[in-house]
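File shown here: query-v7.cif, holding mmCIF, N, CA and C atoms.
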data_start
loop_
_atom_site.label_atom_id
_atom_site.label_comp_id
_atom_site.auth_asym_id
_atom_site.auth_seq_id
_atom_site.Cartn_x
_atom_site.Cartn_y
_atom_site.Cartn_z
N MET M 1 179.20 231.29 80.14
CA MET M 1 179.19 229.84 80.01
C MET M 1 178.92 229.22 81.38
N ASP M 2 178.03 228.26 81.40
CA ASP M 2 177.68 227.58 82.64
C ASP M 2 178.73 226.56 83.03
N THR M 3 178.87 226.34 84.32
CA THR M 3 179.76 225.30 84.81
C THR M 3 178.99 223.99 84.89
N VAL M 4 179.72 222.91 85.12
CA VAL M 4 179.08 221.59 85.23
C VAL M 4 178.09 221.59 86.39
N GLN M 5 178.47 222.19 87.52
CA GLN M 5 177.60 222.21 88.69
C GLN M 5 176.32 223.01 88.43
N GLN M 6 176.44 224.13 87.72
CA GLN M 6 175.26 224.94 87.39
C GLN M 6 174.31 224.15 86.50
N LEU M 7 174.86 223.48 85.49
CA LEU M 7 174.03 222.69 84.59
C LEU M 7 173.35 221.55 85.34
N GLU M 8 174.09 220.90 86.25
CA GLU M 8 173.49 219.81 87.03
C GLU M 8 172.37 220.32 87.92
N ARG M 9 172.54 221.49 88.52
CA ARG M 9 171.48 222.08 89.35
C ARG M 9 170.24 222.39 88.52
N ARG M 10 170.46 222.98 87.34
CA ARG M 10 169.33 223.32 86.46
C ARG M 10 168.62 222.05 86.00
N ARG M 11 169.41 221.02 85.70
CA ARG M 11 168.83 219.74 85.25
C ARG M 11 168.04 219.08 86.38
N ASP M 12 168.55 219.14 87.59
CA ASP M 12 167.82 218.60 88.75
C ASP M 12 166.53 219.36 88.99
N ALA M 13 166.55 220.68 88.79
CA ALA M 13 165.33 221.49 88.95
C ALA M 13 164.28 221.09 87.91
N VAL M 14 164.72 220.81 86.68
CA VAL M 14 163.79 220.37 85.64
C VAL M 14 163.18 219.02 86.02
N LEU M 15 164.01 218.11 86.52
CA LEU M 15 163.50 216.79 86.94
C LEU M 15 162.51 216.93 88.09
N GLU M 16 162.78 217.85 89.00
CA GLU M 16 161.86 218.07 90.13
C GLU M 16 160.51 218.59 89.63
N GLN M 17 160.54 219.50 88.65
CA GLN M 17 159.30 220.02 88.08
C GLN M 17 158.53 218.91 87.37
N MET M 18 159.25 218.03 86.66
CA MET M 18 158.60 216.90 85.99
C MET M 18 157.91 216.01 87.02
N GLY M 19 158.60 215.76 88.13
CA GLY M 19 158.05 214.89 89.16
C GLY M 19 156.86 215.48 89.88
N SER M 20 156.71 216.80 89.84
CA SER M 20 155.58 217.43 90.52
C SER M 20 154.29 217.38 89.72
N ILE M 21 154.37 216.98 88.46
CA ILE M 21 153.16 216.88 87.63
C ILE M 21 152.41 215.62 88.05
N ARG M 22 151.20 215.78 88.53
CA ARG M 22 150.43 214.66 89.07
C ARG M 22 149.47 214.05 88.05
N SER M 23 149.04 214.84 87.08
CA SER M 23 148.07 214.34 86.11
C SER M 23 148.28 215.07 84.80
N MET M 24 148.27 214.32 83.70
CA MET M 24 148.42 214.95 82.39
C MET M 24 147.84 214.03 81.33
N ARG M 25 147.46 214.61 80.23
CA ARG M 25 147.07 213.85 79.04
C ARG M 25 147.21 214.74 77.82
N SER M 26 147.47 214.10 76.71
CA SER M 26 147.64 214.85 75.47
C SER M 26 146.28 215.04 74.82
N GLY M 27 146.23 215.96 73.88
CA GLY M 27 145.00 216.18 73.13
C GLY M 27 144.58 217.62 73.15
N THR M 28 143.35 217.85 72.70
CA THR M 28 142.76 219.18 72.71
C THR M 28 141.30 219.06 73.12
N VAL M 29 140.77 220.14 73.68
CA VAL M 29 139.35 220.21 73.99
C VAL M 29 138.71 221.05 72.89
N ASN M 30 137.74 220.45 72.21
CA ASN M 30 137.05 221.13 71.10
C ASN M 30 135.58 221.33 71.45
N GLU M 31 135.03 222.40 70.91
CA GLU M 31 133.60 222.64 71.05
C GLU M 31 132.90 222.13 69.80
N GLN M 32 131.81 221.43 70.00
CA GLN M 32 131.05 220.89 68.88
C GLN M 32 129.64 221.47 68.94
N TYR M 33 129.14 221.91 67.79
CA TYR M 33 127.77 222.40 67.67
C TYR M 33 127.04 221.51 66.68
N LEU M 34 125.82 221.19 66.97
CA LEU M 34 125.03 220.33 66.09
C LEU M 34 123.87 221.11 65.50
N LYS M 35 123.61 220.87 64.23
CA LYS M 35 122.45 221.47 63.56
C LYS M 35 121.29 220.49 63.69
N VAL M 36 120.25 220.92 64.41
CA VAL M 36 119.10 220.05 64.65
C VAL M 36 117.90 220.61 63.89
N PRO M 37 117.35 219.82 62.97
CA PRO M 37 116.18 220.30 62.23
C PRO M 37 114.94 220.35 63.14
N HIS M 38 114.12 221.40 62.95
CA HIS M 38 112.88 221.53 63.71
C HIS M 38 111.71 221.58 62.75
N LYS M 39 110.61 220.98 63.18
CA LYS M 39 109.40 220.96 62.36
C LYS M 39 108.88 222.38 62.15
N GLY M 40 108.56 222.69 60.93
CA GLY M 40 107.98 223.98 60.62
C GLY M 40 109.00 225.10 60.45
N ARG M 41 110.27 224.82 60.58
CA ARG M 41 111.29 225.86 60.40
C ARG M 41 112.18 225.47 59.22
N PRO M 42 112.49 226.44 58.37
CA PRO M 42 113.31 226.11 57.22
C PRO M 42 114.79 225.89 57.60
N GLU M 43 115.26 226.57 58.63
CA GLU M 43 116.67 226.47 59.04
C GLU M 43 116.79 225.59 60.28
N PRO M 44 117.80 224.73 60.32
CA PRO M 44 118.01 223.93 61.53
C PRO M 44 118.52 224.82 62.67
N LYS M 45 118.21 224.42 63.90
CA LYS M 45 118.65 225.15 65.08
C LYS M 45 120.03 224.65 65.48
N LEU M 46 120.90 225.58 65.86
CA LEU M 46 122.25 225.23 66.29
C LEU M 46 122.23 224.93 67.79
N CYS M 47 122.60 223.72 68.17
CA CYS M 47 122.62 223.31 69.58
C CYS M 47 124.06 223.10 70.03
N GLY M 48 124.32 223.47 71.26
CA GLY M 48 125.65 223.25 71.80
C GLY M 48 126.08 224.44 72.62
N PRO M 49 127.30 224.52 73.01
CA PRO M 49 128.41 223.66 72.62
C PRO M 49 128.43 222.35 73.42
N TYR M 50 128.91 221.32 72.76
CA TYR M 50 129.24 220.06 73.39
C TYR M 50 130.76 219.95 73.33
N PHE M 51 131.36 219.56 74.42
CA PHE M 51 132.82 219.53 74.49
C PHE M 51 133.36 218.13 74.24
N LEU M 52 134.42 218.07 73.43
CA LEU M 52 135.07 216.80 73.09
C LEU M 52 136.56 216.88 73.42
N LEU M 53 137.08 215.81 74.02
CA LEU M 53 138.51 215.66 74.19
C LEU M 53 138.98 214.82 73.01
N THR M 54 139.84 215.39 72.17
CA THR M 54 140.31 214.71 70.97
C THR M 54 141.82 214.50 71.07
N ARG M 55 142.26 213.27 70.74
CA ARG M 55 143.68 212.95 70.79
C ARG M 55 143.99 211.85 69.80
N LYS M 56 145.28 211.69 69.51
CA LYS M 56 145.75 210.61 68.64
C LYS M 56 146.09 209.40 69.50
N GLN M 57 145.63 208.24 69.07
CA GLN M 57 145.95 207.00 69.77
C GLN M 57 146.15 205.91 68.73
N ALA M 58 147.35 205.36 68.70
CA ALA M 58 147.71 204.30 67.75
C ALA M 58 147.43 204.73 66.31
N GLY M 59 147.76 205.99 65.99
CA GLY M 59 147.61 206.48 64.63
C GLY M 59 146.19 206.88 64.24
N ARG M 60 145.26 206.80 65.16
CA ARG M 60 143.87 207.17 64.87
C ARG M 60 143.44 208.31 65.79
N THR M 61 142.49 209.10 65.34
CA THR M 61 141.95 210.17 66.16
C THR M 61 140.82 209.60 66.99
N VAL M 62 140.92 209.83 68.31
CA VAL M 62 139.92 209.32 69.25
C VAL M 62 139.30 210.52 69.95
N SER M 63 137.98 210.54 70.04
CA SER M 63 137.29 211.64 70.71
C SER M 63 136.45 211.08 71.85
N GLN M 64 136.39 211.85 72.92
CA GLN M 64 135.59 211.47 74.08
C GLN M 64 134.75 212.67 74.47
N ARG M 65 133.46 212.47 74.63
CA ARG M 65 132.58 213.57 75.01
C ARG M 65 132.76 213.88 76.49
N LEU M 66 132.91 215.16 76.80
CA LEU M 66 133.01 215.62 78.18
C LEU M 66 131.64 216.14 78.59
N THR M 67 131.05 215.54 79.61
CA THR M 67 129.65 215.79 79.92
C THR M 67 129.42 216.88 80.96
N SER M 68 130.48 217.32 81.65
CA SER M 68 130.29 218.37 82.65
C SER M 68 131.39 219.42 82.51
N LEU M 69 131.12 220.60 83.03
CA LEU M 69 132.12 221.66 83.00
C LEU M 69 133.33 221.30 83.86
N GLU M 70 133.12 220.49 84.89
CA GLU M 70 134.23 220.02 85.72
C GLU M 70 135.17 219.14 84.90
N GLN M 71 134.60 218.26 84.08
CA GLN M 71 135.43 217.42 83.20
C GLN M 71 136.19 218.28 82.20
N VAL M 72 135.55 219.32 81.68
CA VAL M 72 136.20 220.21 80.71
C VAL M 72 137.39 220.92 81.36
N SER M 73 137.19 221.46 82.56
CA SER M 73 138.29 222.18 83.21
C SER M 73 139.42 221.23 83.61
N THR M 74 139.08 220.01 84.05
CA THR M 74 140.10 219.01 84.38
C THR M 74 140.89 218.62 83.13
N ALA M 75 140.19 218.40 82.02
CA ALA M 75 140.87 218.03 80.77
C ALA M 75 141.79 219.15 80.30
N ARG M 76 141.34 220.39 80.38
CA ARG M 76 142.18 221.52 79.97
C ARG M 76 143.42 221.63 80.86
N ALA M 77 143.26 221.42 82.17
CA ALA M 77 144.41 221.46 83.07
C ALA M 77 145.39 220.32 82.76
N ASP M 78 144.87 219.12 82.48
CA ASP M 78 145.72 217.98 82.14
C ASP M 78 146.48 218.22 80.84
N ILE M 79 145.83 218.83 79.88
CA ILE M 79 146.47 219.13 78.59
C ILE M 79 147.57 220.17 78.78
N ALA M 80 147.30 221.19 79.60
CA ALA M 80 148.33 222.20 79.89
C ALA M 80 149.52 221.56 80.60
N ALA M 81 149.26 220.62 81.50
CA ALA M 81 150.34 219.92 82.21
C ALA M 81 151.16 219.08 81.23
N HIS M 82 150.50 218.47 80.25
CA HIS M 82 151.22 217.67 79.25
C HIS M 82 152.12 218.57 78.41
N LYS M 83 151.61 219.72 78.02
CA LYS M 83 152.43 220.67 77.24
C LYS M 83 153.64 221.12 78.05
N ARG M 84 153.44 221.36 79.33
CA ARG M 84 154.54 221.75 80.21
C ARG M 84 155.56 220.62 80.31
N PHE M 85 155.08 219.37 80.42
CA PHE M 85 155.97 218.21 80.50
C PHE M 85 156.82 218.10 79.24
N VAL M 86 156.23 218.29 78.08
CA VAL M 86 156.97 218.21 76.82
C VAL M 86 158.04 219.30 76.77
N GLU M 87 157.68 220.50 77.23
CA GLU M 87 158.64 221.61 77.28
C GLU M 87 159.80 221.28 78.22
N LEU M 88 159.49 220.69 79.38
CA LEU M 88 160.53 220.31 80.33
C LEU M 88 161.43 219.22 79.77
N CYS M 89 160.86 218.29 78.99
CA CYS M 89 161.67 217.24 78.35
C CYS M 89 162.68 217.85 77.39
N LYS M 90 162.26 218.86 76.64
CA LYS M 90 163.17 219.54 75.72
C LYS M 90 164.29 220.25 76.48
N GLN M 91 163.94 220.90 77.59
CA GLN M 91 164.95 221.56 78.41
C GLN M 91 165.94 220.54 78.97
N PHE M 92 165.42 219.40 79.44
CA PHE M 92 166.29 218.35 79.98
C PHE M 92 167.25 217.85 78.93
N GLU M 93 166.73 217.63 77.72
CA GLU M 93 167.58 217.16 76.61
C GLU M 93 168.68 218.17 76.31
N GLU M 94 168.31 219.44 76.25
CA GLU M 94 169.27 220.49 75.95
C GLU M 94 170.35 220.60 77.04
N LEU M 95 169.93 220.58 78.30
CA LEU M 95 170.88 220.69 79.41
C LEU M 95 171.81 219.48 79.46
N THR M 96 171.28 218.29 79.20
CA THR M 96 172.09 217.09 79.21
C THR M 96 173.12 217.13 78.08
N GLY M 97 172.73 217.64 76.93
CA GLY M 97 173.67 217.80 75.82
C GLY M 97 174.80 218.76 76.17
N GLN M 98 174.46 219.89 76.78
CA GLN M 98 175.47 220.87 77.19
C GLN M 98 176.40 220.27 78.24
N LEU M 99 175.82 219.52 79.17
CA LEU M 99 176.61 218.88 80.22
C LEU M 99 177.61 217.89 79.62
N GLY M 100 177.16 217.11 78.65
CA GLY M 100 178.04 216.16 77.98
C GLY M 100 179.18 216.85 77.25
N GLN M 101 178.87 217.97 76.58
CA GLN M 101 179.91 218.72 75.87
C GLN M 101 180.95 219.25 76.84
N LEU M 102 180.50 219.80 77.97
CA LEU M 102 181.45 220.33 78.96
C LEU M 102 182.34 219.22 79.52
N GLU M 103 181.75 218.08 79.81
CA GLU M 103 182.53 216.98 80.37
C GLU M 103 183.52 216.42 79.35
N ARG M 104 183.10 216.32 78.09
CA ARG M 104 184.02 215.84 77.05
C ARG M 104 185.15 216.84 76.84
N ALA M 105 184.85 218.13 76.90
CA ALA M 105 185.89 219.16 76.74
C ALA M 105 186.89 219.09 77.89
N ALA M 106 186.39 218.82 79.09
CA ALA M 106 187.28 218.72 80.25
C ALA M 106 188.19 217.51 80.11
N ILE M 107 187.66 216.40 79.64
CA ILE M 107 188.47 215.19 79.46
C ILE M 107 189.45 215.38 78.31
N GLY M 108 189.01 216.01 77.24
CA GLY M 108 189.88 216.25 76.08
C GLY M 108 191.03 217.17 76.41
N GLY M 109 190.84 218.10 77.33
CA GLY M 109 191.90 219.02 77.72
C GLY M 109 192.96 218.35 78.57
N GLN M 110 192.67 217.17 79.09
CA GLN M 110 193.62 216.45 79.93
C GLN M 110 194.25 215.29 79.16
N GLY M 111 194.47 215.49 77.90
CA GLY M 111 195.01 214.42 77.05
C GLY M 111 196.38 213.93 77.50
N LYS M 112 197.02 213.13 76.67
CA LYS M 112 198.33 212.57 77.00
C LYS M 112 199.36 213.69 77.13
N LYS M 113 200.23 213.48 78.11
CA LYS M 113 201.34 214.44 78.26
C LYS M 113 202.48 213.97 77.37
N ARG M 114 203.08 214.91 76.71
CA ARG M 114 204.18 214.56 75.80
C ARG M 114 205.52 214.86 76.47
N ARG M 115 206.47 214.05 76.12
CA ARG M 115 207.84 214.30 76.63
C ARG M 115 208.47 215.42 75.84
N SER M 116 209.25 216.19 76.51
CA SER M 116 209.95 217.23 75.79
C SER M 116 211.38 216.88 75.51
#
What do you get writing this file as structure tokens?
Amino acid sequence: MDTVQQLERRRDAVLEQMGSIRSMRSGTVNEQYLKVPHKGRPEPKLCGPYFLLTRKQAGRTVSQRLTSLEQVSTARADIAAHKRFVELCKQFEELTGQLGQLERAAIGGQGKKRRS
């Protein structure tokens, strides 16, 4: 069982990691291929991949075309940072809950003294 000080140190470490994230965004990077018909050929030619950043915004799906490989790698890094941030938020919530339980147990153990 962790002590209050251990939980506070772990919680502070989580906050420090959150603060070190400089750039993040939610979403996914998808590859899109387009079927382009060509004159004189029965089958359309498959062109691509074209990269799209897709995310939810105000209940709708929004896509943005990424035009360079630099944009693709930046978007993927930002998405990974967002996933890490969400994971850290869950850890913070869990540690804070444990900390509250320990503090309430310590206060509850010091209840009223009874006369004998």
Please determine, counting all atoms listed in the file, which residue among M:Arg25, M:Gly19, M:Val4, M:Glu43 has the shortest atom-to-atom distance to Leu102 in chain M.
M:Val4
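Checking M:Gln71, M:Thr61, M:Gln6, M:Gln17 one by one against Glu87 in chain M, counting only C-alpha atoms, you find the shortest gap at M:Gln17.
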Name the residues captured by the PyMOL selection byres ((chain M and resi 54) around 6.5) when it is applied to the shown file; answer as JSON, numbers by chain.
{"M": [26, 27, 28, 29, 30, 52, 53, 55, 56, 61, 62, 63, 64]}
Hey, what's within 6.5 Å of Leu95 in chain M if we count all atoms listed in the file and toss same-chain stuff fewer than 5 positions away? As a list in words, please?
Leu7, Arg11, Lys90 and Gly100 of chain M
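With all atoms listed in the file as the basis for measurement, M:Glu31 is the residue among M:Asp2, M:Glu94, M:Glu31, M:Glu103 that approaches Gly48 in chain M most closely.
Between Arg84 in chain M and the candidates M:Leu46, M:Met18, M:Leu99, M:Val72, the tightest atom-to-atom separation, counting all atoms listed in the file, involves M:Met18.
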Restricting the calculation to only N, CA and C atoms, which member of M:Leu34, M:Met24, M:Val86, M:Ala106 is positioned closest to Tyr50 in chain M?
M:Leu34
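Atom pair atom C of Asp12 in chain M / CA of Ser73 in chain M: separated by 29.0 Å.
Put simply, CA of Ser23 in chain M is 5.9 Å away from CA of Asp78 in chain M.
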Grab the CA of Ile79 in chain M to CA of Arg10 in chain M distance for me, in Å with one decimal place.
24.5 Å
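The residue that comes closest to Thr67 in chain M, out of M:Phe51, M:Ala81, M:Arg41, M:Val36 and on the basis of all atoms listed in the file, is M:Phe51.
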Residues flagged strand (DSSP E or B) by DSSP in range 5-112 of chain M, as a ChimeraX atom specification
/M:28-36,45-57,60-66
